[in-house]
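A.B. asks: Mind having a look at this structure? Questions to follow.
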Number of protein chains: 2
Amino acid sequence: MIKNDPIGIFDSGLGGLTVVKQIVKLLPHENIVYLGDTARVPYGPRSPEIIKKFSEENTKFLIGKKVKCIVIACNTSSAVAADYLKRKFSKVPIFEVINPAAKQAAGSGKRIGIIGTRATIASKAYEKDIKKYSKFAKVFVKACPLFVPFIEEGEISGKALNEIANKYLADFKFKKIDTLVMGCTHYPIIRRIIEREVDYNVKIVDPGITVSLEVKDFLLKTGLLNNQKSRGIDKFYVTDLTKRFVSVAEMFLGDKISGSIQKIDLIK
Amino acid sequence: MIKNDPIGIFDSGLGGLTVVKQIVKLLPHENIVYLGDTARVPYGPRSPEIIKKFSEENTKFLIGKKVKCIVIACNTSSAVAADYLKRKFSKVPIFEVINPAAKQAAGSGKRIGIIGTRATIASKAYEKDIKKYSKFAKVFVKACPLFVPFIEEGEISGKALNEIANKYLADFKFKKIDTLVMGCTHYPIIRRIIEREVDYNVKIVDPGITVSLEVKDFLLKTGLLNNQKSRGIDKFYVTDLTKRFVSVAEMFLGDKISGSIQKIDLIK
């Protein structure tokens, strides 16, 4: 592995581009290879077995692109498949979004709320990692399965979303949480709606930000930080390419998509 | 093919069980093999290319189960892939849900509304088929992409769904439609909410019902109607099996699941 090898990032779909946004902000000289499994998004409602299978296929693809490390930019995949992938592909450093966010939350709060997909919440991955760093923190969880489809459809405001947000999040007020982890890479898009429902004084942890710090730390320690002034062309791979790709991708990235976009077939 | 060969039915997921419900009601002695591609549901937001690919894999699987005919119990797949599948697999009769429903709508209405997934609406399949049967019918379409996730999540009533239904359907009142096609096999679950939004005097066409009539007609004409008094065990195959399978499947089927359930891998 050399400095200007790219960082490989994968997600079930395009939500992981919120993580790319944070990585590019913090590490502006790194080359990025992104894989979105858009033919099989979402992973959130699926079983652990199938999430592992899909995640393994994604990882193999990125390894084939000679990446210097891999970031699982998907909470569902991180929660369910990260340990499995780390055992299976021990030669490439694999970062997942749960542990850094759990550490951050444990350091900042005593009553911590976690929101995520059904699979992420069912895995109890956040609770387990928070317990490693704080014996006394109380953790409250809530699966919010409709947030992803709303966001994917660009329905990021309006009465229906407010109703759903209230339904999912109102209980956190009674629980008096002081910290909330947005445990799905789609959620930063509706951060304001989430903040309003849980109260503005609750600290929000964005796993896209915390994992970026972890990656930077690793690159500095290993001497793999890319110090070329400009980075190459970012490469975006997807397993399905629809007409809505650019508009949805740019919503998550918060910027224009610049780089090559290619549809690939993971299973030949 | 013989009389007690099963009828093969596939859908992107479990919504197609609303079609199974209608087929079993009309053809109580037929054996059923159902395939739900639950590992890759939903098809509605995906590209025509990938929908064709997935539909072809489903069809091959059912042909391997020695079915006497195949019913595509998915509007998205019917709209995008039916012609392709009929050309590719010309030896097995393939029924799709669009044509019978279009015929029914053309026969009953002059101002026809169509609701469905993004892919179904983009295909213009309903408009094309209605024009074959009625030169004067006016057709109004609306993609309703959030209905599927709401229904899959069991959110089949409540304020948020009402808001979304109103947003999607209010315009049909101004258009003064007399007929509405529920162009997605999930929608019968929220039929009452749809009826309320478009007014109760609008005739509702349920493609699950109209395709069942077509299948019965075919079996009568070809002498393939099963006249054994009791049918064998229904076989349900899925590409992903989650803990929520039984509750979601029974919601669509409107009955207890009785028969064998097996998880299979379409791509080895």
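Just so we're on the same page: first chain in the structure tokens is A, next is B, and so on; residues restart at 1 for each chain, and ligands are numbered from 1 in the order they show up.
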If the cut-off is 6 Å, can you tell me the residues of chain A near chain B, counting only C-alpha atoms? I'd like them as a list in words.
C.D. replies: Arg40, Ser47, Ala160, Glu163 and Thr242 of chain A
A.B. asks: Skipping near chain neighbours, those fewer than 2 positions away, what residues fall within 8 Å of Ile233 (chain A) using only C-alpha atoms, listed as a PyMOL selection string?
C.D. replies: chain A and resi 31-32+231+235+258-260
A.B. asks: I need the residues of region 96-245 of chain A that end up classed as strand (DSSP E) by DSSP on the backbone, written out as a PDB file with N, CA, C and O atoms, in the first residue's frame.
C.D. replies:
ATOM      1  N   GLU A  96     -15.173   0.828  10.485  1.00  0.00           N
ATOM      2  CA  GLU A  96     -16.644   0.808  10.471  1.00  0.00           C
ATOM      3  C   GLU A  96     -17.118   2.011  11.273  1.00  0.00           C
ATOM      4  O   GLU A  96     -16.340   2.583  12.057  1.00  0.00           O
ATOM      5  N   ARG A 111     -26.915   9.647  29.216  1.00  0.00           N
ATOM      6  CA  ARG A 111     -28.194   9.071  28.759  1.00  0.00           C
ATOM      7  C   ARG A 111     -28.212   9.211  27.246  1.00  0.00           C
ATOM      8  O   ARG A 111     -28.474  10.266  26.698  1.00  0.00           O
ATOM      9  N   ILE A 112     -27.888   8.107  26.586  1.00  0.00           N
ATOM     10  CA  ILE A 112     -27.594   8.141  25.150  1.00  0.00           C
ATOM     11  C   ILE A 112     -28.699   7.482  24.340  1.00  0.00           C
ATOM     12  O   ILE A 112     -29.079   6.340  24.595  1.00  0.00           O
ATOM     13  N   GLY A 113     -29.215   8.211  23.361  1.00  0.00           N
ATOM     14  CA  GLY A 113     -30.211   7.656  22.444  1.00  0.00           C
ATOM     15  C   GLY A 113     -29.526   7.184  21.166  1.00  0.00           C
ATOM     16  O   GLY A 113     -28.563   7.801  20.715  1.00  0.00           O
ATOM     17  N   ILE A 114     -30.000   6.079  20.626  1.00  0.00           N
ATOM     18  CA  ILE A 114     -29.469   5.559  19.357  1.00  0.00           C
ATOM     19  C   ILE A 114     -30.641   5.382  18.400  1.00  0.00           C
ATOM     20  O   ILE A 114     -31.641   4.746  18.752  1.00  0.00           O
ATOM     21  N   ILE A 115     -30.532   5.922  17.197  1.00  0.00           N
ATOM     22  CA  ILE A 115     -31.540   5.643  16.167  1.00  0.00           C
ATOM     23  C   ILE A 115     -30.847   4.992  14.973  1.00  0.00           C
ATOM     24  O   ILE A 115     -29.678   5.260  14.709  1.00  0.00           O
ATOM     25  N   GLY A 116     -31.575   4.114  14.296  1.00  0.00           N
ATOM     26  CA  GLY A 116     -30.987   3.415  13.159  1.00  0.00           C
ATOM     27  C   GLY A 116     -32.016   2.551  12.452  1.00  0.00           C
ATOM     28  O   GLY A 116     -33.210   2.627  12.754  1.00  0.00           O
ATOM     29  N   LYS A 138     -26.593   5.095  30.284  1.00  0.00           N
ATOM     30  CA  LYS A 138     -27.860   4.409  29.965  1.00  0.00           C
ATOM     31  C   LYS A 138     -28.108   4.587  28.475  1.00  0.00           C
ATOM     32  O   LYS A 138     -27.972   5.690  27.951  1.00  0.00           O
ATOM     33  N   VAL A 139     -28.467   3.511  27.809  1.00  0.00           N
ATOM     34  CA  VAL A 139     -28.669   3.589  26.359  1.00  0.00           C
ATOM     35  C   VAL A 139     -30.130   3.286  26.009  1.00  0.00           C
ATOM     36  O   VAL A 139     -30.715   2.332  26.521  1.00  0.00           O
ATOM     37  N   PHE A 140     -30.721   4.133  25.184  1.00  0.00           N
ATOM     38  CA  PHE A 140     -32.106   3.965  24.723  1.00  0.00           C
ATOM     39  C   PHE A 140     -32.101   3.875  23.203  1.00  0.00           C
ATOM     40  O   PHE A 140     -31.483   4.719  22.549  1.00  0.00           O
ATOM     41  N   VAL A 141     -32.748   2.868  22.672  1.00  0.00           N
ATOM     42  CA  VAL A 141     -32.674   2.680  21.212  1.00  0.00           C
ATOM     43  C   VAL A 141     -34.050   2.759  20.558  1.00  0.00           C
ATOM     44  O   VAL A 141     -35.071   2.497  21.189  1.00  0.00           O
ATOM     45  N   LYS A 142     -34.041   3.139  19.288  1.00  0.00           N
ATOM     46  CA  LYS A 142     -35.290   3.174  18.523  1.00  0.00           C
ATOM     47  C   LYS A 142     -34.988   2.944  17.031  1.00  0.00           C
ATOM     48  O   LYS A 142     -34.226   3.700  16.427  1.00  0.00           O
ATOM     49  N   ALA A 143     -35.595   1.916  16.466  1.00  0.00           N
ATOM     50  CA  ALA A 143     -35.486   1.705  15.017  1.00  0.00           C
ATOM     51  C   ALA A 143     -36.404   2.699  14.302  1.00  0.00           C
ATOM     52  O   ALA A 143     -37.539   2.911  14.732  1.00  0.00           O
ATOM     53  N   THR A 179     -27.583  12.842  24.733  1.00  0.00           N
ATOM     54  CA  THR A 179     -26.789  12.605  23.517  1.00  0.00           C
ATOM     55  C   THR A 179     -27.596  11.712  22.587  1.00  0.00           C
ATOM     56  O   THR A 179     -28.284  10.801  23.047  1.00  0.00           O
ATOM     57  N   LEU A 180     -27.522  11.967  21.289  1.00  0.00           N
ATOM     58  CA  LEU A 180     -28.217  11.103  20.325  1.00  0.00           C
ATOM     59  C   LEU A 180     -27.257  10.742  19.198  1.00  0.00           C
ATOM     60  O   LEU A 180     -26.643  11.614  18.594  1.00  0.00           O
ATOM     61  N   VAL A 181     -27.129   9.437  18.926  1.00  0.00           N
ATOM     62  CA  VAL A 181     -26.301   8.995  17.801  1.00  0.00           C
ATOM     63  C   VAL A 181     -27.205   8.787  16.582  1.00  0.00           C
ATOM     64  O   VAL A 181     -28.170   8.031  16.640  1.00  0.00           O
ATOM     65  N   MET A 182     -26.888   9.492  15.500  1.00  0.00           N
ATOM     66  CA  MET A 182     -27.615   9.286  14.239  1.00  0.00           C
ATOM     67  C   MET A 182     -27.037   8.045  13.568  1.00  0.00           C
ATOM     68  O   MET A 182     -26.159   8.135  12.705  1.00  0.00           O
ATOM     69  N   GLY A 183     -27.542   6.884  13.958  1.00  0.00           N
ATOM     70  CA  GLY A 183     -26.937   5.622  13.574  1.00  0.00           C
ATOM     71  C   GLY A 183     -27.317   5.097  12.193  1.00  0.00           C
ATOM     72  O   GLY A 183     -27.576   3.901  12.027  1.00  0.00           O
ATOM     73  N   LYS A 203     -26.830  16.604  22.500  1.00  0.00           N
ATOM     74  CA  LYS A 203     -25.650  16.533  21.626  1.00  0.00           C
ATOM     75  C   LYS A 203     -25.877  15.473  20.559  1.00  0.00           C
ATOM     76  O   LYS A 203     -26.255  14.348  20.860  1.00  0.00           O
ATOM     77  N   ILE A 204     -25.614  15.841  19.313  1.00  0.00           N
ATOM     78  CA  ILE A 204     -25.821  14.896  18.211  1.00  0.00           C
ATOM     79  C   ILE A 204     -24.468  14.318  17.793  1.00  0.00           C
ATOM     80  O   ILE A 204     -23.520  15.068  17.560  1.00  0.00           O
ATOM     81  N   VAL A 205     -24.394  13.004  17.710  1.00  0.00           N
ATOM     82  CA  VAL A 205     -23.171  12.357  17.217  1.00  0.00           C
ATOM     83  C   VAL A 205     -23.431  11.869  15.794  1.00  0.00           C
ATOM     84  O   VAL A 205     -24.388  11.137  15.532  1.00  0.00           O
ATOM     85  N   LYS A 235     -13.796   7.947  -8.016  1.00  0.00           N
ATOM     86  CA  LYS A 235     -14.473   6.925  -8.812  1.00  0.00           C
ATOM     87  C   LYS A 235     -15.689   6.416  -8.059  1.00  0.00           C
ATOM     88  O   LYS A 235     -15.583   5.945  -6.932  1.00  0.00           O
ATOM     89  N   PHE A 236     -16.839   6.534  -8.711  1.00  0.00           N
ATOM     90  CA  PHE A 236     -18.080   6.068  -8.094  1.00  0.00           C
ATOM     91  C   PHE A 236     -18.584   4.851  -8.864  1.00  0.00           C
ATOM     92  O   PHE A 236     -18.783   4.923 -10.081  1.00  0.00           O
ATOM     93  N   TYR A 237     -18.768   3.754  -8.150  1.00  0.00           N
ATOM     94  CA  TYR A 237     -19.331   2.544  -8.754  1.00  0.00           C
ATOM     95  C   TYR A 237     -20.681   2.269  -8.113  1.00  0.00           C
ATOM     96  O   TYR A 237     -20.847   2.433  -6.905  1.00  0.00           O
ATOM     97  N   VAL A 238     -21.637   1.873  -8.947  1.00  0.00           N
ATOM     98  CA  VAL A 238     -22.959   1.496  -8.422  1.00  0.00           C
ATOM     99  C   VAL A 238     -23.387   0.192  -9.085  1.00  0.00           C
ATOM    100  O   VAL A 238     -22.951  -0.119 -10.194  1.00  0.00           O
TER     101      VAL A 238
END
A.B. asks: Kindly give the distance, in Å, that separates CA of Lys88 (chain B) and CA of Lys65 (chain B), rounded to a single decimal.
C.D. replies: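 Distance between the two atoms: 17.4 Å.
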A.B. asks: Quick one: residues within 12 Å of Lys21 (chain B), only C-alpha atoms counted, chain neighbours fewer than 5 positions away excluded, as a PDB file with all heavy atoms, in the first residue's frame?
C.D. replies:
ATOM      1  N   ILE B   9     -45.726 -18.321  -9.060  1.00  0.00           N
ATOM      2  CA  ILE B   9     -46.031 -16.895  -8.882  1.00  0.00           C
ATOM      3  C   ILE B   9     -44.798 -16.222  -8.294  1.00  0.00           C
ATOM      4  O   ILE B   9     -44.233 -16.713  -7.325  1.00  0.00           O
ATOM      5  CB  ILE B   9     -47.230 -16.723  -7.912  1.00  0.00           C
ATOM      6  CG1 ILE B   9     -48.443 -17.497  -8.444  1.00  0.00           C
ATOM      7  CG2 ILE B   9     -47.562 -15.250  -7.701  1.00  0.00           C
ATOM      8  CD1 ILE B   9     -49.619 -17.544  -7.470  1.00  0.00           C
ATOM      9  N   LEU B  14     -43.010  -9.577  -0.865  1.00  0.00           N
ATOM     10  CA  LEU B  14     -44.179 -10.285  -0.351  1.00  0.00           C
ATOM     11  C   LEU B  14     -45.501  -9.661  -0.781  1.00  0.00           C
ATOM     12  O   LEU B  14     -46.569 -10.240  -0.564  1.00  0.00           O
ATOM     13  CB  LEU B  14     -44.097 -10.369   1.183  1.00  0.00           C
ATOM     14  CG  LEU B  14     -42.834 -11.093   1.697  1.00  0.00           C
ATOM     15  CD1 LEU B  14     -42.790 -11.083   3.214  1.00  0.00           C
ATOM     16  CD2 LEU B  14     -42.745 -12.521   1.159  1.00  0.00           C
ATOM     17  N   GLY B  15     -45.462  -8.485  -1.412  1.00  0.00           N
ATOM     18  CA  GLY B  15     -46.693  -7.838  -1.879  1.00  0.00           C
ATOM     19  C   GLY B  15     -47.498  -8.734  -2.811  1.00  0.00           C
ATOM     20  O   GLY B  15     -48.730  -8.694  -2.814  1.00  0.00           O
ATOM     21  N   GLY B  16     -46.820  -9.562  -3.574  1.00  0.00           N
ATOM     22  CA  GLY B  16     -47.482 -10.473  -4.506  1.00  0.00           C
ATOM     23  C   GLY B  16     -48.396 -11.480  -3.829  1.00  0.00           C
ATOM     24  O   GLY B  16     -49.207 -12.135  -4.498  1.00  0.00           O
ATOM     25  N   LEU B  26     -60.198 -17.856  -6.094  1.00  0.00           N
ATOM     26  CA  LEU B  26     -60.887 -18.210  -7.334  1.00  0.00           C
ATOM     27  C   LEU B  26     -60.576 -19.640  -7.775  1.00  0.00           C
ATOM     28  O   LEU B  26     -61.410 -20.294  -8.433  1.00  0.00           O
ATOM     29  CB  LEU B  26     -60.433 -17.231  -8.434  1.00  0.00           C
ATOM     30  CG  LEU B  26     -61.279 -17.183  -9.707  1.00  0.00           C
ATOM     31  CD1 LEU B  26     -62.658 -16.595  -9.406  1.00  0.00           C
ATOM     32  CD2 LEU B  26     -60.582 -16.334 -10.775  1.00  0.00           C
ATOM     33  N   LEU B  27     -59.383 -20.107  -7.419  1.00  0.00           N
ATOM     34  CA  LEU B  27     -58.920 -21.432  -7.887  1.00  0.00           C
ATOM     35  C   LEU B  27     -58.449 -22.254  -6.684  1.00  0.00           C
ATOM     36  O   LEU B  27     -57.253 -22.534  -6.521  1.00  0.00           O
ATOM     37  CB  LEU B  27     -57.760 -21.240  -8.880  1.00  0.00           C
ATOM     38  CG  LEU B  27     -58.089 -20.469 -10.161  1.00  0.00           C
ATOM     39  CD1 LEU B  27     -56.827 -19.933 -10.816  1.00  0.00           C
ATOM     40  CD2 LEU B  27     -58.859 -21.354 -11.142  1.00  0.00           C
ATOM     41  N   PRO B  28     -59.407 -22.657  -5.847  1.00  0.00           N
ATOM     42  CA  PRO B  28     -59.027 -23.251  -4.560  1.00  0.00           C
ATOM     43  C   PRO B  28     -58.310 -24.593  -4.649  1.00  0.00           C
ATOM     44  O   PRO B  28     -57.732 -25.041  -3.656  1.00  0.00           O
ATOM     45  CB  PRO B  28     -60.362 -23.398  -3.820  1.00  0.00           C
ATOM     46  CG  PRO B  28     -61.407 -23.351  -4.875  1.00  0.00           C
ATOM     47  CD  PRO B  28     -60.865 -22.517  -5.997  1.00  0.00           C
ATOM     48  N   ILE B  32     -49.691 -24.086  -5.404  1.00  0.00           N
ATOM     49  CA  ILE B  32     -49.001 -22.799  -5.590  1.00  0.00           C
ATOM     50  C   ILE B  32     -47.522 -22.927  -5.219  1.00  0.00           C
ATOM     51  O   ILE B  32     -47.181 -23.478  -4.172  1.00  0.00           O
ATOM     52  CB  ILE B  32     -49.625 -21.706  -4.675  1.00  0.00           C
ATOM     53  CG1 ILE B  32     -51.142 -21.564  -4.881  1.00  0.00           C
ATOM     54  CG2 ILE B  32     -48.891 -20.376  -4.818  1.00  0.00           C
ATOM     55  CD1 ILE B  32     -51.565 -20.914  -6.167  1.00  0.00           C
ATOM     56  N   TYR B  34     -44.633 -20.090  -4.726  1.00  0.00           N
ATOM     57  CA  TYR B  34     -44.438 -18.638  -4.687  1.00  0.00           C
ATOM     58  C   TYR B  34     -42.963 -18.322  -4.461  1.00  0.00           C
ATOM     59  O   TYR B  34     -42.311 -18.937  -3.614  1.00  0.00           O
ATOM     60  CB  TYR B  34     -45.266 -18.033  -3.550  1.00  0.00           C
ATOM     61  CG  TYR B  34     -45.182 -16.520  -3.463  1.00  0.00           C
ATOM     62  CD1 TYR B  34     -46.029 -15.722  -4.222  1.00  0.00           C
ATOM     63  CD2 TYR B  34     -44.264 -15.894  -2.618  1.00  0.00           C
ATOM     64  CE1 TYR B  34     -45.961 -14.332  -4.150  1.00  0.00           C
ATOM     65  CE2 TYR B  34     -44.191 -14.501  -2.546  1.00  0.00           C
ATOM     66  CZ  TYR B  34     -45.049 -13.736  -3.308  1.00  0.00           C
ATOM     67  OH  TYR B  34     -44.985 -12.370  -3.242  1.00  0.00           O
ATOM     68  N   ALA B  73     -46.557 -11.510 -10.222  1.00  0.00           N
ATOM     69  CA  ALA B  73     -47.459 -10.851  -9.266  1.00  0.00           C
ATOM     70  C   ALA B  73     -46.877  -9.534  -8.786  1.00  0.00           C
ATOM     71  O   ALA B  73     -46.985  -9.170  -7.618  1.00  0.00           O
ATOM     72  CB  ALA B  73     -47.735 -11.789  -8.098  1.00  0.00           C
ATOM     73  N   THR B 185     -48.989  -4.386  -6.273  1.00  0.00           N
ATOM     74  CA  THR B 185     -49.656  -5.452  -5.510  1.00  0.00           C
ATOM     75  C   THR B 185     -49.688  -5.200  -3.999  1.00  0.00           C
ATOM     76  O   THR B 185     -50.363  -5.908  -3.269  1.00  0.00           O
ATOM     77  CB  THR B 185     -49.017  -6.829  -5.813  1.00  0.00           C
ATOM     78  OG1 THR B 185     -47.607  -6.743  -5.651  1.00  0.00           O
ATOM     79  CG2 THR B 185     -49.331  -7.251  -7.234  1.00  0.00           C
ATOM     80  N   PRO B 188     -53.606  -3.072  -2.267  1.00  0.00           N
ATOM     81  CA  PRO B 188     -54.878  -3.528  -1.686  1.00  0.00           C
ATOM     82  C   PRO B 188     -54.921  -3.448  -0.149  1.00  0.00           C
ATOM     83  O   PRO B 188     -55.986  -3.306   0.435  1.00  0.00           O
ATOM     84  CB  PRO B 188     -54.967  -4.997  -2.162  1.00  0.00           C
ATOM     85  CG  PRO B 188     -54.245  -4.996  -3.468  1.00  0.00           C
ATOM     86  CD  PRO B 188     -53.096  -4.029  -3.263  1.00  0.00           C
ATOM     87  N   ILE B 189     -53.749  -3.493   0.470  1.00  0.00           N
ATOM     88  CA  ILE B 189     -53.678  -3.413   1.942  1.00  0.00           C
ATOM     89  C   ILE B 189     -54.192  -2.051   2.444  1.00  0.00           C
ATOM     90  O   ILE B 189     -54.741  -1.949   3.542  1.00  0.00           O
ATOM     91  CB  ILE B 189     -52.209  -3.645   2.417  1.00  0.00           C
ATOM     92  CG1 ILE B 189     -51.709  -5.023   1.969  1.00  0.00           C
ATOM     93  CG2 ILE B 189     -52.044  -3.446   3.922  1.00  0.00           C
ATOM     94  CD1 ILE B 189     -52.436  -6.206   2.571  1.00  0.00           C
ATOM     95  N   GLY B 208     -54.746  -7.859  -9.008  1.00  0.00           N
ATOM     96  CA  GLY B 208     -54.677  -9.215  -8.456  1.00  0.00           C
ATOM     97  C   GLY B 208     -55.941  -9.997  -8.797  1.00  0.00           C
ATOM     98  O   GLY B 208     -55.892 -11.193  -9.096  1.00  0.00           O
ATOM     99  N   ILE B 209     -57.060  -9.298  -8.767  1.00  0.00           N
ATOM    100  CA  ILE B 209     -58.343  -9.942  -9.096  1.00  0.00           C
ATOM    101  C   ILE B 209     -58.430 -10.186 -10.604  1.00  0.00           C
ATOM    102  O   ILE B 209     -58.761 -11.294 -11.033  1.00  0.00           O
ATOM    103  CB  ILE B 209     -59.521  -9.070  -8.609  1.00  0.00           C
ATOM    104  CG1 ILE B 209     -59.500  -8.971  -7.073  1.00  0.00           C
ATOM    105  CG2 ILE B 209     -60.868  -9.640  -9.105  1.00  0.00           C
ATOM    106  CD1 ILE B 209     -60.552  -8.060  -6.461  1.00  0.00           C
ATOM    107  N   VAL B 211     -56.124 -10.505 -12.902  1.00  0.00           N
ATOM    108  CA  VAL B 211     -55.209 -11.531 -13.425  1.00  0.00           C
ATOM    109  C   VAL B 211     -55.680 -12.936 -13.023  1.00  0.00           C
ATOM    110  O   VAL B 211     -55.505 -13.896 -13.767  1.00  0.00           O
ATOM    111  CB  VAL B 211     -53.730 -11.274 -13.018  1.00  0.00           C
ATOM    112  CG1 VAL B 211     -53.450 -11.662 -11.574  1.00  0.00           C
ATOM    113  CG2 VAL B 211     -52.781 -12.048 -13.936  1.00  0.00           C
ATOM    114  N   SER B 212     -56.314 -13.046 -11.859  1.00  0.00           N
ATOM    115  CA  SER B 212     -56.836 -14.354 -11.419  1.00  0.00           C
ATOM    116  C   SER B 212     -57.898 -14.855 -12.393  1.00  0.00           C
ATOM    117  O   SER B 212     -57.937 -16.047 -12.725  1.00  0.00           O
ATOM    118  CB  SER B 212     -57.467 -14.253 -10.030  1.00  0.00           C
ATOM    119  OG  SER B 212     -56.575 -13.715  -9.119  1.00  0.00           O
ATOM    120  N   ALA B 249     -45.947 -11.456   5.756  1.00  0.00           N
ATOM    121  CA  ALA B 249     -46.565 -12.335   4.751  1.00  0.00           C
ATOM    122  C   ALA B 249     -48.056 -12.514   5.033  1.00  0.00           C
ATOM    123  O   ALA B 249     -48.884 -12.449   4.115  1.00  0.00           O
ATOM    124  CB  ALA B 249     -45.852 -13.684   4.739  1.00  0.00           C
ATOM    125  N   GLU B 250     -48.396 -12.687   6.295  1.00  0.00           N
ATOM    126  CA  GLU B 250     -49.810 -12.917   6.623  1.00  0.00           C
ATOM    127  C   GLU B 250     -50.667 -11.671   6.433  1.00  0.00           C
ATOM    128  O   GLU B 250     -51.851 -11.757   6.112  1.00  0.00           O
ATOM    129  CB  GLU B 250     -49.927 -13.497   8.042  1.00  0.00           C
ATOM    130  CG  GLU B 250     -49.360 -14.919   8.082  1.00  0.00           C
ATOM    131  CD  GLU B 250     -49.505 -15.638   9.418  1.00  0.00           C
ATOM    132  OE1 GLU B 250     -49.836 -14.977  10.426  1.00  0.00           O
ATOM    133  OE2 GLU B 250     -49.278 -16.868   9.444  1.00  0.00           O
ATOM    134  N   MET B 251     -50.036 -10.499   6.604  1.00  0.00           N
ATOM    135  CA  MET B 251     -50.763  -9.256   6.311  1.00  0.00           C
ATOM    136  C   MET B 251     -51.171  -9.241   4.841  1.00  0.00           C
ATOM    137  O   MET B 251     -52.329  -8.952   4.508  1.00  0.00           O
ATOM    138  CB  MET B 251     -49.886  -8.042   6.634  1.00  0.00           C
ATOM    139  CG  MET B 251     -50.452  -6.705   6.155  1.00  0.00           C
ATOM    140  SD  MET B 251     -49.393  -5.295   6.565  1.00  0.00           S
ATOM    141  CE  MET B 251     -48.040  -5.508   5.386  1.00  0.00           C
ATOM    142  N   PHE B 252     -50.257  -9.582   3.941  1.00  0.00           N
ATOM    143  CA  PHE B 252     -50.558  -9.560   2.503  1.00  0.00           C
ATOM    144  C   PHE B 252     -51.501 -10.689   2.098  1.00  0.00           C
ATOM    145  O   PHE B 252     -52.398 -10.497   1.287  1.00  0.00           O
ATOM    146  CB  PHE B 252     -49.271  -9.653   1.675  1.00  0.00           C
ATOM    147  CG  PHE B 252     -48.441  -8.408   1.718  1.00  0.00           C
ATOM    148  CD1 PHE B 252     -47.144  -8.423   2.190  1.00  0.00           C
ATOM    149  CD2 PHE B 252     -48.968  -7.195   1.288  1.00  0.00           C
ATOM    150  CE1 PHE B 252     -46.382  -7.267   2.238  1.00  0.00           C
ATOM    151  CE2 PHE B 252     -48.220  -6.034   1.323  1.00  0.00           C
ATOM    152  CZ  PHE B 252     -46.923  -6.075   1.807  1.00  0.00           C
ATOM    153  N   LEU B 253     -51.293 -11.853   2.679  1.00  0.00           N
ATOM    154  CA  LEU B 253     -52.086 -13.013   2.308  1.00  0.00           C
ATOM    155  C   LEU B 253     -53.488 -12.919   2.908  1.00  0.00           C
ATOM    156  O   LEU B 253     -54.435 -13.514   2.389  1.00  0.00           O
ATOM    157  CB  LEU B 253     -51.382 -14.287   2.794  1.00  0.00           C
ATOM    158  CG  LEU B 253     -51.807 -15.597   2.169  1.00  0.00           C
ATOM    159  CD1 LEU B 253     -51.589 -15.601   0.656  1.00  0.00           C
ATOM    160  CD2 LEU B 253     -51.037 -16.756   2.806  1.00  0.00           C
ATOM    161  N   GLY B 254     -53.629 -12.145   3.974  1.00  0.00           N
ATOM    162  CA  GLY B 254     -54.924 -12.036   4.650  1.00  0.00           C
ATOM    163  C   GLY B 254     -55.327 -13.346   5.278  1.00  0.00           C
ATOM    164  O   GLY B 254     -56.509 -13.632   5.467  1.00  0.00           O
ATOM    165  N   ASP B 255     -54.359 -14.166   5.627  1.00  0.00           N
ATOM    166  CA  ASP B 255     -54.634 -15.496   6.150  1.00  0.00           C
ATOM    167  C   ASP B 255     -53.356 -16.013   6.811  1.00  0.00           C
ATOM    168  O   ASP B 255     -52.296 -15.433   6.644  1.00  0.00           O
ATOM    169  CB  ASP B 255     -55.021 -16.427   4.976  1.00  0.00           C
ATOM    170  CG  ASP B 255     -55.767 -17.672   5.449  1.00  0.00           C
ATOM    171  OD1 ASP B 255     -55.900 -17.871   6.667  1.00  0.00           O
ATOM    172  OD2 ASP B 255     -56.211 -18.438   4.573  1.00  0.00           O
ATOM    173  N   LYS B 256     -53.478 -17.128   7.527  1.00  0.00           N
ATOM    174  CA  LYS B 256     -52.288 -17.775   8.094  1.00  0.00           C
ATOM    175  C   LYS B 256     -51.471 -18.372   6.936  1.00  0.00           C
ATOM    176  O   LYS B 256     -52.044 -18.897   5.981  1.00  0.00           O
ATOM    177  CB  LYS B 256     -52.694 -18.919   9.037  1.00  0.00           C
ATOM    178  CG  LYS B 256     -53.366 -18.450  10.308  1.00  0.00           C
ATOM    179  CD  LYS B 256     -52.332 -18.067  11.358  1.00  0.00           C
ATOM    180  CE  LYS B 256     -52.969 -17.239  12.466  1.00  0.00           C
ATOM    181  NZ  LYS B 256     -52.036 -16.356  13.161  1.00  0.00           N
ATOM    182  N   ILE B 257     -50.161 -18.288   7.032  1.00  0.00           N
ATOM    183  CA  ILE B 257     -49.283 -18.963   6.070  1.00  0.00           C
ATOM    184  C   ILE B 257     -49.317 -20.455   6.393  1.00  0.00           C
ATOM    185  O   ILE B 257     -48.966 -20.856   7.502  1.00  0.00           O
ATOM    186  CB  ILE B 257     -47.829 -18.441   6.206  1.00  0.00           C
ATOM    187  CG1 ILE B 257     -47.661 -17.102   5.528  1.00  0.00           C
ATOM    188  CG2 ILE B 257     -46.804 -19.443   5.660  1.00  0.00           C
ATOM    189  CD1 ILE B 257     -47.339 -17.126   4.056  1.00  0.00           C
TER     190      ILE B 257
END
